[in-house]
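So this block is target.cif, mmCIF, C-alpha atoms:
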data_input
loop_
_atom_site.group_PDB
_atom_site.id
_atom_site.type_symbol
_atom_site.label_atom_id
_atom_site.label_comp_id
_atom_site.auth_asym_id
_atom_site.auth_seq_id
_atom_site.Cartn_x
_atom_site.Cartn_y
_atom_site.Cartn_z
ATOM 1 C CA MET A 1 -70.832 -126.709 -52.291
ATOM 2 C CA LYS A 2 -71.124 -128.995 -55.296
ATOM 3 C CA ILE A 3 -68.532 -131.764 -55.173
ATOM 4 C CA GLU A 4 -67.583 -133.963 -58.131
ATOM 5 C CA THR A 5 -65.025 -136.760 -58.003
ATOM 6 C CA ALA A 6 -63.446 -139.206 -60.411
ATOM 7 C CA GLU A 7 -60.843 -141.902 -59.912
ATOM 8 C CA GLN A 8 -59.301 -144.693 -61.938
ATOM 9 C CA GLY A 9 -56.634 -147.225 -61.133
ATOM 10 C CA ALA A 10 -53.669 -147.935 -63.352
ATOM 11 C CA PRO A 11 -54.453 -150.917 -65.602
ATOM 12 C CA GLY A 12 -53.739 -154.221 -63.911
ATOM 13 C CA ARG A 13 -53.284 -152.730 -60.439
ATOM 14 C CA VAL A 14 -55.533 -152.035 -57.463
ATOM 15 C CA ILE A 15 -55.910 -148.274 -57.058
ATOM 16 C CA GLU A 16 -54.045 -146.756 -54.109
ATOM 17 C CA ASP A 17 -55.445 -143.217 -54.470
ATOM 18 C CA ARG A 18 -58.239 -142.235 -52.102
ATOM 19 C CA ILE A 19 -60.838 -139.444 -52.061
ATOM 20 C CA ARG A 20 -62.841 -138.681 -48.918
ATOM 21 C CA VAL A 21 -65.734 -136.213 -49.008
ATOM 22 C CA LEU A 22 -66.695 -134.707 -45.633
ATOM 23 C CA PRO A 23 -69.375 -132.133 -44.718
ATOM 24 C CA ASN A 24 -66.854 -129.272 -44.746
ATOM 25 C CA ALA A 25 -63.780 -130.754 -46.423
ATOM 26 C CA VAL A 26 -62.410 -132.964 -49.173
ATOM 27 C CA VAL A 27 -59.311 -135.128 -48.742
ATOM 28 C CA VAL A 28 -57.348 -136.512 -51.706
ATOM 29 C CA LEU A 29 -54.516 -138.987 -51.026
ATOM 30 C CA ASP A 30 -52.052 -140.941 -53.160
ATOM 31 C CA GLY A 31 -50.822 -144.021 -51.332
ATOM 32 C CA VAL A 32 -47.275 -145.292 -51.853
ATOM 33 C CA THR A 33 -46.316 -148.877 -51.079
ATOM 34 C CA SER A 34 -43.085 -149.502 -49.177
ATOM 35 C CA ARG A 35 -40.638 -151.858 -50.860
ATOM 36 C CA THR A 36 -40.375 -153.951 -47.686
ATOM 37 C CA ARG A 37 -43.883 -153.958 -46.242
ATOM 38 C CA PRO A 38 -46.237 -156.979 -46.455
ATOM 39 C CA PRO A 39 -48.974 -156.876 -49.123
ATOM 40 C CA ASP A 40 -51.753 -156.205 -46.607
ATOM 41 C CA ARG A 41 -50.053 -152.937 -45.648
ATOM 42 C CA ASN A 42 -49.618 -151.341 -49.032
ATOM 43 C CA GLY A 43 -50.086 -147.721 -50.052
ATOM 44 C CA GLY A 44 -53.827 -148.173 -50.407
ATOM 45 C CA TRP A 45 -54.048 -149.501 -46.861
ATOM 46 C CA TYR A 46 -52.137 -146.518 -45.511
ATOM 47 C CA ALA A 47 -54.138 -144.005 -47.555
ATOM 48 C CA THR A 48 -57.385 -145.550 -46.311
ATOM 49 C CA LYS A 49 -56.255 -145.410 -42.679
ATOM 50 C CA LEU A 50 -55.062 -141.817 -43.065
ATOM 51 C CA ALA A 51 -58.335 -140.797 -44.729
ATOM 52 C CA ASP A 52 -60.292 -142.416 -41.886
ATOM 53 C CA GLU A 53 -58.218 -140.605 -39.272
ATOM 54 C CA LEU A 54 -58.471 -137.243 -40.999
ATOM 55 C CA ALA A 55 -62.224 -137.689 -41.334
ATOM 56 C CA ARG A 56 -62.393 -138.230 -37.572
ATOM 57 C CA LEU A 57 -60.152 -135.285 -36.696
ATOM 58 C CA ILE A 58 -61.014 -132.497 -39.122
ATOM 59 C CA ASN A 59 -62.842 -129.616 -37.491
ATOM 60 C CA ASP A 60 -63.511 -125.976 -38.319
ATOM 61 C CA THR A 61 -60.696 -124.332 -36.396
ATOM 62 C CA ASP A 62 -57.439 -126.295 -35.963
ATOM 63 C CA PRO A 63 -54.674 -125.616 -38.500
ATOM 64 C CA LEU A 64 -54.644 -128.278 -41.184
ATOM 65 C CA THR A 65 -50.957 -128.942 -40.509
ATOM 66 C CA ASP A 66 -51.761 -129.798 -36.884
ATOM 67 C CA LEU A 67 -54.570 -132.105 -37.953
ATOM 68 C CA LEU A 68 -52.365 -133.949 -40.444
ATOM 69 C CA ALA A 69 -49.545 -134.308 -37.915
ATOM 70 C CA ARG A 70 -52.002 -135.651 -35.343
ATOM 71 C CA ALA A 71 -53.450 -138.128 -37.826
ATOM 72 C CA ILE A 72 -49.980 -139.441 -38.686
ATOM 73 C CA ALA A 73 -49.066 -139.738 -35.002
ATOM 74 C CA ASN A 74 -52.238 -141.692 -34.278
ATOM 75 C CA LEU A 75 -51.503 -144.146 -37.109
ATOM 76 C CA VAL A 76 -47.946 -144.634 -35.855
ATOM 77 C CA GLU A 77 -49.200 -145.460 -32.374
ATOM 78 C CA GLU A 78 -52.055 -147.703 -33.493
ATOM 79 C CA HIS A 79 -50.159 -149.694 -36.121
ATOM 80 C CA ASP A 80 -46.532 -149.599 -34.871
ATOM 81 C CA LEU A 81 -45.298 -147.876 -38.010
ATOM 82 C CA ILE A 82 -41.552 -147.381 -38.396
ATOM 83 C CA PRO A 83 -40.127 -144.242 -40.029
ATOM 84 C CA GLY A 84 -38.417 -145.086 -43.290
ATOM 85 C CA ASP A 85 -39.952 -148.567 -43.419
ATOM 86 C CA SER A 86 -43.686 -147.964 -43.778
ATOM 87 C CA PRO A 87 -46.187 -147.272 -46.537
ATOM 88 C CA SER A 88 -46.889 -143.598 -47.080
ATOM 89 C CA SER A 89 -49.175 -141.128 -48.811
ATOM 90 C CA THR A 90 -49.240 -137.692 -50.344
ATOM 91 C CA ALA A 91 -52.028 -135.435 -49.086
ATOM 92 C CA ALA A 92 -54.296 -132.658 -50.291
ATOM 93 C CA ILE A 93 -56.969 -131.202 -48.020
ATOM 94 C CA VAL A 94 -59.531 -128.531 -48.878
ATOM 95 C CA ARG A 95 -61.666 -127.204 -46.006
ATOM 96 C CA TRP A 96 -64.225 -124.420 -46.072
ATOM 97 C CA ASN A 97 -66.555 -122.322 -43.961
ATOM 98 C CA ASP A 98 -68.773 -119.357 -44.775
ATOM 99 C CA ASP A 99 -65.810 -116.990 -45.026
ATOM 100 C CA THR A 100 -62.668 -118.852 -46.099
ATOM 101 C CA ILE A 101 -61.266 -121.835 -47.969
ATOM 102 C CA ASP A 102 -58.203 -123.507 -46.442
ATOM 103 C CA ALA A 103 -55.876 -125.725 -48.467
ATOM 104 C CA LEU A 104 -52.991 -128.039 -47.601
ATOM 105 C CA VAL A 105 -50.690 -130.014 -49.869
ATOM 106 C CA LEU A 106 -47.949 -132.470 -48.923
ATOM 107 C CA CYS A 107 -45.850 -133.928 -51.743
ATOM 108 C CA ASP A 108 -47.091 -134.064 -55.336
ATOM 109 C CA THR A 109 -50.878 -133.761 -54.955
ATOM 110 C CA PRO A 110 -51.647 -130.134 -55.915
ATOM 111 C CA ILE A 111 -54.660 -127.926 -55.265
ATOM 112 C CA VAL A 112 -55.803 -125.235 -57.694
ATOM 113 C CA ALA A 113 -58.295 -122.478 -56.812
ATOM 114 C CA PHE A 114 -60.184 -120.571 -59.519
ATOM 115 C CA GLY A 115 -61.934 -117.233 -59.276
ATOM 116 C CA GLN A 116 -60.588 -113.734 -59.640
ATOM 117 C CA SER A 117 -57.309 -115.451 -60.519
ATOM 118 C CA THR A 118 -55.961 -119.003 -60.790
ATOM 119 C CA ARG A 119 -53.908 -119.959 -57.744
ATOM 120 C CA VAL A 120 -51.847 -123.126 -57.716
ATOM 121 C CA LEU A 121 -50.687 -124.613 -54.413
ATOM 122 C CA GLU A 122 -48.126 -127.310 -55.187
ATOM 123 C CA ASP A 123 -45.269 -129.007 -53.383
ATOM 124 C CA THR A 124 -42.404 -129.508 -55.859
ATOM 125 C CA ARG A 125 -39.761 -130.757 -53.441
ATOM 126 C CA LEU A 126 -40.007 -134.357 -54.672
ATOM 127 C CA GLU A 127 -39.869 -133.302 -58.320
ATOM 128 C CA ASP A 128 -36.884 -131.082 -57.639
ATOM 129 C CA LEU A 129 -34.963 -134.109 -56.339
ATOM 130 C CA ARG A 130 -35.880 -136.562 -59.106
ATOM 131 C CA PRO A 131 -32.458 -136.388 -60.819
ATOM 132 C CA ASP A 132 -30.951 -137.992 -57.696
ATOM 133 C CA PRO A 133 -30.718 -141.782 -58.334
ATOM 134 C CA ASP A 134 -31.083 -142.460 -54.599
ATOM 135 C CA ILE A 135 -34.055 -140.190 -54.017
ATOM 136 C CA LEU A 136 -35.448 -142.265 -51.144
ATOM 137 C CA ARG A 137 -32.581 -141.182 -48.908
ATOM 138 C CA TRP A 138 -34.149 -137.708 -48.920
ATOM 139 C CA LYS A 139 -37.587 -138.831 -47.750
ATOM 140 C CA ASN A 140 -38.773 -136.885 -44.688
ATOM 141 C CA LYS A 141 -35.413 -135.226 -44.132
ATOM 142 C CA PRO A 142 -34.500 -131.530 -43.977
ATOM 143 C CA GLY A 143 -33.510 -130.392 -47.432
ATOM 144 C CA GLY A 144 -35.390 -133.328 -48.960
ATOM 145 C CA TYR A 145 -39.050 -134.019 -49.584
ATOM 146 C CA TRP A 146 -41.865 -134.771 -47.163
ATOM 147 C CA VAL A 147 -44.700 -137.257 -47.289
ATOM 148 C CA ALA A 148 -47.186 -138.647 -44.761
ATOM 149 C CA GLU A 149 -45.609 -141.828 -43.386
ATOM 150 C CA ALA A 150 -44.472 -142.583 -39.818
ATOM 151 C CA ASP A 151 -43.092 -139.226 -38.712
ATOM 152 C CA PRO A 152 -45.668 -136.643 -37.543
ATOM 153 C CA VAL A 153 -43.177 -133.854 -38.291
ATOM 154 C CA ALA A 154 -44.138 -134.286 -41.943
ATOM 155 C CA GLY A 155 -47.555 -132.791 -41.214
ATOM 156 C CA HIS A 156 -45.957 -129.489 -40.291
ATOM 157 C CA GLN A 157 -43.865 -129.518 -43.458
ATOM 158 C CA ALA A 158 -46.985 -129.312 -45.642
ATOM 159 C CA LEU A 159 -47.688 -126.181 -47.654
ATOM 160 C CA THR A 160 -50.878 -124.249 -46.903
ATOM 161 C CA ALA A 161 -52.988 -121.386 -48.197
ATOM 162 C CA THR A 162 -56.180 -119.612 -47.186
ATOM 163 C CA TRP A 163 -58.419 -117.760 -49.638
ATOM 164 C CA PRO A 164 -61.514 -115.613 -49.054
ATOM 165 C CA ARG A 165 -64.456 -117.737 -50.124
ATOM 166 C CA GLU A 166 -66.041 -114.855 -52.004
ATOM 167 C CA GLU A 167 -62.998 -114.759 -54.314
ATOM 168 C CA VAL A 168 -63.121 -118.463 -55.224
ATOM 169 C CA THR A 169 -65.613 -120.070 -57.592
ATOM 170 C CA SER A 170 -64.137 -123.582 -57.664
ATOM 171 C CA VAL A 171 -61.239 -125.657 -56.384
ATOM 172 C CA ILE A 172 -59.663 -128.866 -57.656
ATOM 173 C CA ALA A 173 -57.451 -131.310 -55.770
ATOM 174 C CA LEU A 174 -55.743 -134.001 -57.805
ATOM 175 C CA THR A 175 -53.087 -136.690 -57.596
ATOM 176 C CA ASP A 176 -50.066 -136.646 -59.887
ATOM 177 C CA GLY A 177 -51.693 -139.199 -62.166
ATOM 178 C CA VAL A 178 -54.000 -136.365 -63.225
ATOM 179 C CA SER A 179 -51.867 -133.262 -62.730
ATOM 180 C CA CYS A 180 -49.357 -134.769 -65.176
ATOM 181 C CA GLY A 181 -51.884 -133.972 -67.908
ATOM 182 C CA VAL A 182 -51.112 -130.302 -67.249
ATOM 183 C CA SER A 183 -47.579 -130.175 -65.861
ATOM 184 C CA GLU A 184 -45.923 -132.895 -67.979
ATOM 185 C CA TYR A 185 -48.040 -133.782 -71.007
ATOM 186 C CA GLY A 186 -49.469 -130.352 -71.781
ATOM 187 C CA LEU A 187 -52.868 -131.809 -72.672
ATOM 188 C CA PHE A 188 -54.742 -129.188 -70.686
ATOM 189 C CA GLY A 189 -54.302 -125.910 -68.906
ATOM 190 C CA TRP A 190 -55.467 -125.603 -65.313
ATOM 191 C CA GLU A 191 -58.480 -123.609 -66.541
ATOM 192 C CA ASP A 192 -59.604 -126.590 -68.634
ATOM 193 C CA LEU A 193 -59.920 -128.694 -65.486
ATOM 194 C CA ARG A 194 -62.311 -126.115 -64.102
ATOM 195 C CA GLN A 195 -65.034 -127.161 -66.535
ATOM 196 C CA LEU A 196 -64.240 -130.361 -68.467
ATOM 197 C CA PRO A 197 -66.097 -133.534 -67.407
ATOM 198 C CA LEU A 198 -63.759 -135.235 -64.957
ATOM 199 C CA GLY A 199 -64.131 -138.648 -66.565
ATOM 200 C CA GLU A 200 -63.085 -137.154 -69.895
ATOM 201 C CA VAL A 201 -59.966 -135.689 -68.272
ATOM 202 C CA LEU A 202 -58.896 -139.101 -66.955
ATOM 203 C CA ASP A 203 -59.616 -140.835 -70.269
ATOM 204 C CA ARG A 204 -57.653 -138.292 -72.323
ATOM 205 C CA ILE A 205 -54.624 -138.756 -70.089
ATOM 206 C CA ARG A 206 -54.852 -142.537 -70.446
ATOM 207 C CA GLU A 207 -55.123 -142.227 -74.216
ATOM 208 C CA ALA A 208 -52.036 -140.017 -74.388
ATOM 209 C CA GLU A 209 -50.065 -142.448 -72.205
ATOM 210 C CA ARG A 210 -51.032 -145.415 -74.366
ATOM 211 C CA GLY A 211 -49.696 -143.499 -77.354
ATOM 212 C CA ASP A 212 -46.325 -143.173 -75.588
ATOM 213 C CA SER A 213 -45.986 -146.670 -74.161
ATOM 214 C CA GLU A 214 -42.196 -146.606 -74.615
ATOM 215 C CA HIS A 215 -41.913 -143.400 -72.535
ATOM 216 C CA LYS A 216 -40.038 -141.524 -75.263
ATOM 217 C CA ARG A 217 -42.176 -138.399 -75.551
ATOM 218 C CA TRP A 218 -42.697 -138.139 -71.788
ATOM 219 C CA PRO A 219 -39.922 -139.940 -69.859
ATOM 220 C CA ARG A 220 -41.440 -141.535 -66.746
ATOM 221 C CA TYR A 221 -41.073 -144.544 -64.484
ATOM 222 C CA LYS A 222 -44.313 -146.256 -65.498
ATOM 223 C CA THR A 223 -46.767 -146.007 -68.375
ATOM 224 C CA HIS A 224 -49.834 -145.293 -66.208
ATOM 225 C CA ASP A 225 -50.418 -144.065 -62.676
ATOM 226 C CA ASP A 226 -53.491 -144.119 -60.465
ATOM 227 C CA GLN A 227 -55.765 -141.139 -61.014
ATOM 228 C CA ALA A 228 -57.967 -139.205 -58.575
ATOM 229 C CA ILE A 229 -59.480 -135.724 -58.800
ATOM 230 C CA ALA A 230 -62.069 -133.816 -56.803
ATOM 231 C CA ARG A 231 -63.711 -130.586 -57.980
ATOM 232 C CA ILE A 232 -65.488 -128.334 -55.498
ATOM 233 C CA THR A 233 -67.751 -125.609 -56.858
ATOM 234 C CA THR A 234 -68.856 -122.854 -54.496
#
Please render this file's structure as structure tokens.
Amino acid sequence: MKIETAEQGAPGRVIEDRIRVLPNAVVVLDGVTSRTRPPDRNGGWYATKLADELARLINDTDPLTDLLARAIANLVEEHDLIPGDSPSSTAAIVRWNDDTIDALVLCDTPIVAFGQSTRVLEDTRLEDLRPDPDILRWKNKPGGYWVAEADPVAGHQALTATWPREEVTSVIALTDGVSCGVSEYGLFGWEDLRQLPLGEVLDRIREAERGDSEHKRWPRYKTHDDQAIARITT
């Protein structure tokens, strides 16, 4: 496998996205800071701890949902995390062996596989709820959206897929600061991200956002978001 990565923090902020490359897997996380947590336990802290735990746990056989749930449970126990009052993270995991490629997504960090066809694995539950002004009340609740935080149940709410390795030529996993270039801004199609230099992808998104600093063309909460993308070529 050839693995390429690129990441870039939003201007003026410390990046809270994380990419972890393992011998048989890649993990991409987008940390989210709690409004009430101390600065030393921000989204980047949580994403780092979750990446460390997943790196320790990931094996060839256990379902990725079980591994994510176990990682969350271990963080809760080790750091006394409280559901609803802790930093959190989205998650994308790609794992492979000689025969298959497994994928997991939780919240808005999609995975796209290319080959005989283009297959998009994305969790839209958060996006579907965005019109609700009190969206946080739906976090990690049935009928709401799910994210890695302090409830291991979230791990089993992730979406998964398995593809025959012989049918896949490359896979990308990316945080919403990059996927917005496809799903919101229309700067690229998924196929473009199969071959464009990753640094160019991030820069073109930043340029488009600077040109819409008042959020009129693309309504959004902030001008720039953290960016992280990993591309795996078989």
* To do: Point out the residue among A:Leu104, A:Ala154, A:Val120, A:Ala6 with the least atom-to-atom distance to A:Leu198, counting all atoms listed in the file.
  =>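 Among the listed residues, the smallest separation from A:Leu198 belongs to A:Ala6.
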* To do: Take the PyMOL selection byres ((chain A and resi 222) around 12), apply it to the structure above, and return the hits as a ChimeraX atom specification.
  => /A:10-11,177,209-210,212-216,218-221,223-226
* Residues within 12 Å of A:Arg165, all atoms listed in the file, excluding chain neighbours under 3 positions, as a PyMOL selection string -> chain A and resi 1+94-103+113-116+162+168-171+232-234
Writer output for current selection, C-alpha atoms, as a PDB file, keeping the file's coordinate frame:
ATOM      1  CA  MET A   1     -70.832-126.709 -52.291  1.00  0.00           C
ATOM      2  CA  VAL A  94     -59.531-128.531 -48.878  1.00  0.00           C
ATOM      3  CA  ARG A  95     -61.666-127.204 -46.006  1.00  0.00           C
ATOM      4  CA  TRP A  96     -64.225-124.420 -46.072  1.00  0.00           C
ATOM      5  CA  ASN A  97     -66.555-122.322 -43.961  1.00  0.00           C
ATOM      6  CA  ASP A  98     -68.773-119.357 -44.775  1.00  0.00           C
ATOM      7  CA  ASP A  99     -65.810-116.990 -45.026  1.00  0.00           C
ATOM      8  CA  THR A 100     -62.668-118.852 -46.099  1.00  0.00           C
ATOM      9  CA  ILE A 101     -61.266-121.835 -47.969  1.00  0.00           C
ATOM     10  CA  ASP A 102     -58.203-123.507 -46.442  1.00  0.00           C
ATOM     11  CA  ALA A 103     -55.876-125.725 -48.467  1.00  0.00           C
ATOM     12  CA  ALA A 113     -58.295-122.478 -56.812  1.00  0.00           C
ATOM     13  CA  PHE A 114     -60.184-120.571 -59.519  1.00  0.00           C
ATOM     14  CA  GLY A 115     -61.934-117.233 -59.276  1.00  0.00           C
ATOM     15  CA  GLN A 116     -60.588-113.734 -59.640  1.00  0.00           C
ATOM     16  CA  THR A 162     -56.180-119.612 -47.186  1.00  0.00           C
ATOM     17  CA  VAL A 168     -63.121-118.463 -55.224  1.00  0.00           C
ATOM     18  CA  THR A 169     -65.613-120.070 -57.592  1.00  0.00           C
ATOM     19  CA  SER A 170     -64.137-123.582 -57.664  1.00  0.00           C
ATOM     20  CA  VAL A 171     -61.239-125.657 -56.384  1.00  0.00           C
ATOM     21  CA  ILE A 232     -65.488-128.334 -55.498  1.00  0.00           C
ATOM     22  CA  THR A 233     -67.751-125.609 -56.858  1.00  0.00           C
ATOM     23  CA  THR A 234     -68.856-122.854 -54.496  1.00  0.00           C
TER      24      THR A 234
END
* Hits of the PyMOL selection byres ((chain A and resi 174) around 8) in this structure, as a list of chain:residue names ->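 So the PyMOL selection byres ((chain A and resi 174) around 8), applied here, picks out A:Val28, A:Ala92, A:Thr109, A:Pro110, A:Ile111, A:Ile172, A:Ala173, A:Thr175, A:Asp176, A:Gly177, A:Val178, A:Ser179, A:Gln227, A:Ala228, A:Ile229, A:Ala230.
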Residues within 7 Å of (-51.7, -145.0, -45.7), counting only C-alpha atoms, listed as a PDB file with C-alpha atoms, in the coordinates of the input:
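Output (part38.pdb):
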ATOM      1  CA  GLY A  31     -50.822-144.021 -51.332  1.00  0.00           C
ATOM      2  CA  GLY A  43     -50.086-147.721 -50.052  1.00  0.00           C
ATOM      3  CA  GLY A  44     -53.827-148.173 -50.407  1.00  0.00           C
ATOM      4  CA  TRP A  45     -54.048-149.501 -46.861  1.00  0.00           C
ATOM      5  CA  TYR A  46     -52.137-146.518 -45.511  1.00  0.00           C
ATOM      6  CA  ALA A  47     -54.138-144.005 -47.555  1.00  0.00           C
ATOM      7  CA  THR A  48     -57.385-145.550 -46.311  1.00  0.00           C
ATOM      8  CA  LYS A  49     -56.255-145.410 -42.679  1.00  0.00           C
ATOM      9  CA  LEU A  50     -55.062-141.817 -43.065  1.00  0.00           C
ATOM     10  CA  PRO A  87     -46.187-147.272 -46.537  1.00  0.00           C
ATOM     11  CA  SER A  88     -46.889-143.598 -47.080  1.00  0.00           C
ATOM     12  CA  SER A  89     -49.175-141.128 -48.811  1.00  0.00           C
TER      13      SER A  89
END
* What residues come out when you apply the PyMOL selection byres ((chain A and resi 70) around 9) to this file, written as a PyMOL selection string? -> chain A and resi 53-54+57+65-69+71-75+152+155
* Asked: Counting only C-alpha atoms, which of A:Ile82, A:Asp192, A:Leu126, A:Ile205 gets nearest to A:Cys180?
  ->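 Checking each candidate against A:Cys180, we get A:Ile205 as the closest.
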* Asked: With distances taken over only C-alpha atoms, which of A:Trp138, A:Trp146, A:Tyr185, A:Trp163 is nearest to A:Arg204?
  ->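 Among A:Trp138, A:Trp146, A:Tyr185, A:Trp163, it is A:Tyr185 that comes nearest to A:Arg204.
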* **A:Arg13, A:His79, A:Arg119, A:Arg56 ranked by distance to A:Val27, top pick (using all atoms listed in the file)** =>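 For A:Val27, the nearest of the given residues is A:Arg56.
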In the coordinates of the file, take the point (-40.5, -136.6, -46.7) and a cut-off of 12 Å; then, counting all atoms listed in the file, name each qualifying protein, DNA or RNA residue as a short mmCIF file (atom, residue, chain, number, x, y, z; two decimals) with C-alpha atoms, in the frame of the given file.
data_model
loop_
_atom_site.label_atom_id
_atom_site.label_comp_id
_atom_site.auth_asym_id
_atom_site.auth_seq_id
_atom_site.Cartn_x
_atom_site.Cartn_y
_atom_site.Cartn_z
CA PRO A 83 -40.13 -144.24 -40.03
CA GLY A 84 -38.42 -145.09 -43.29
CA SER A 88 -46.89 -143.60 -47.08
CA SER A 89 -49.18 -141.13 -48.81
CA THR A 90 -49.24 -137.69 -50.34
CA ALA A 91 -52.03 -135.44 -49.09
CA LEU A 106 -47.95 -132.47 -48.92
CA CYS A 107 -45.85 -133.93 -51.74
CA ASP A 108 -47.09 -134.06 -55.34
CA ASP A 123 -45.27 -129.01 -53.38
CA THR A 124 -42.40 -129.51 -55.86
CA ARG A 125 -39.76 -130.76 -53.44
CA LEU A 126 -40.01 -134.36 -54.67
CA LEU A 129 -34.96 -134.11 -56.34
CA ILE A 135 -34.06 -140.19 -54.02
CA LEU A 136 -35.45 -142.26 -51.14
CA ARG A 137 -32.58 -141.18 -48.91
CA TRP A 138 -34.15 -137.71 -48.92
CA LYS A 139 -37.59 -138.83 -47.75
CA ASN A 140 -38.77 -136.88 -44.69
CA LYS A 141 -35.41 -135.23 -44.13
CA PRO A 142 -34.50 -131.53 -43.98
CA GLY A 143 -33.51 -130.39 -47.43
CA GLY A 144 -35.39 -133.33 -48.96
CA TYR A 145 -39.05 -134.02 -49.58
CA TRP A 146 -41.86 -134.77 -47.16
CA VAL A 147 -44.70 -137.26 -47.29
CA ALA A 148 -47.19 -138.65 -44.76
CA GLU A 149 -45.61 -141.83 -43.39
CA ALA A 150 -44.47 -142.58 -39.82
CA ASP A 151 -43.09 -139.23 -38.71
CA PRO A 152 -45.67 -136.64 -37.54
CA VAL A 153 -43.18 -133.85 -38.29
CA ALA A 154 -44.14 -134.29 -41.94
CA GLY A 155 -47.56 -132.79 -41.21
CA HIS A 156 -45.96 -129.49 -40.29
CA GLN A 157 -43.86 -129.52 -43.46
CA ALA A 158 -46.98 -129.31 -45.64
#
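Atom pair atom CA of A:Glu4 / atom CA of A:Gly186 has a distance of 23.0 Å (rounded to one decimal).
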* To do: For atom CA of A:Ile19 and atom CA of A:Glu77, determine how far apart the two atoms are, in Å to one decimal place.
  =>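 Rounded to one decimal, the two atoms are 23.6 Å apart.
Relative to atom CA of A:Pro164, atom CA of A:Ala25 is found at 15.5 Å.
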* Asked: Which residue out of A:Leu196, A:Ile93, A:Ala161, A:Val32 has the minimum interatomic distance to A:Ala55 when only C-alpha atoms are used?
  ->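 The shortest atom-to-atom distance to A:Ala55 comes from A:Ile93.
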* To do: Go through A:Arg206, A:Arg217, A:Thr118, A:Ser183 and flag the residue nearest A:Gln8, using all atoms listed in the file for the distances.
  =>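 Nearest to A:Gln8: A:Arg206.
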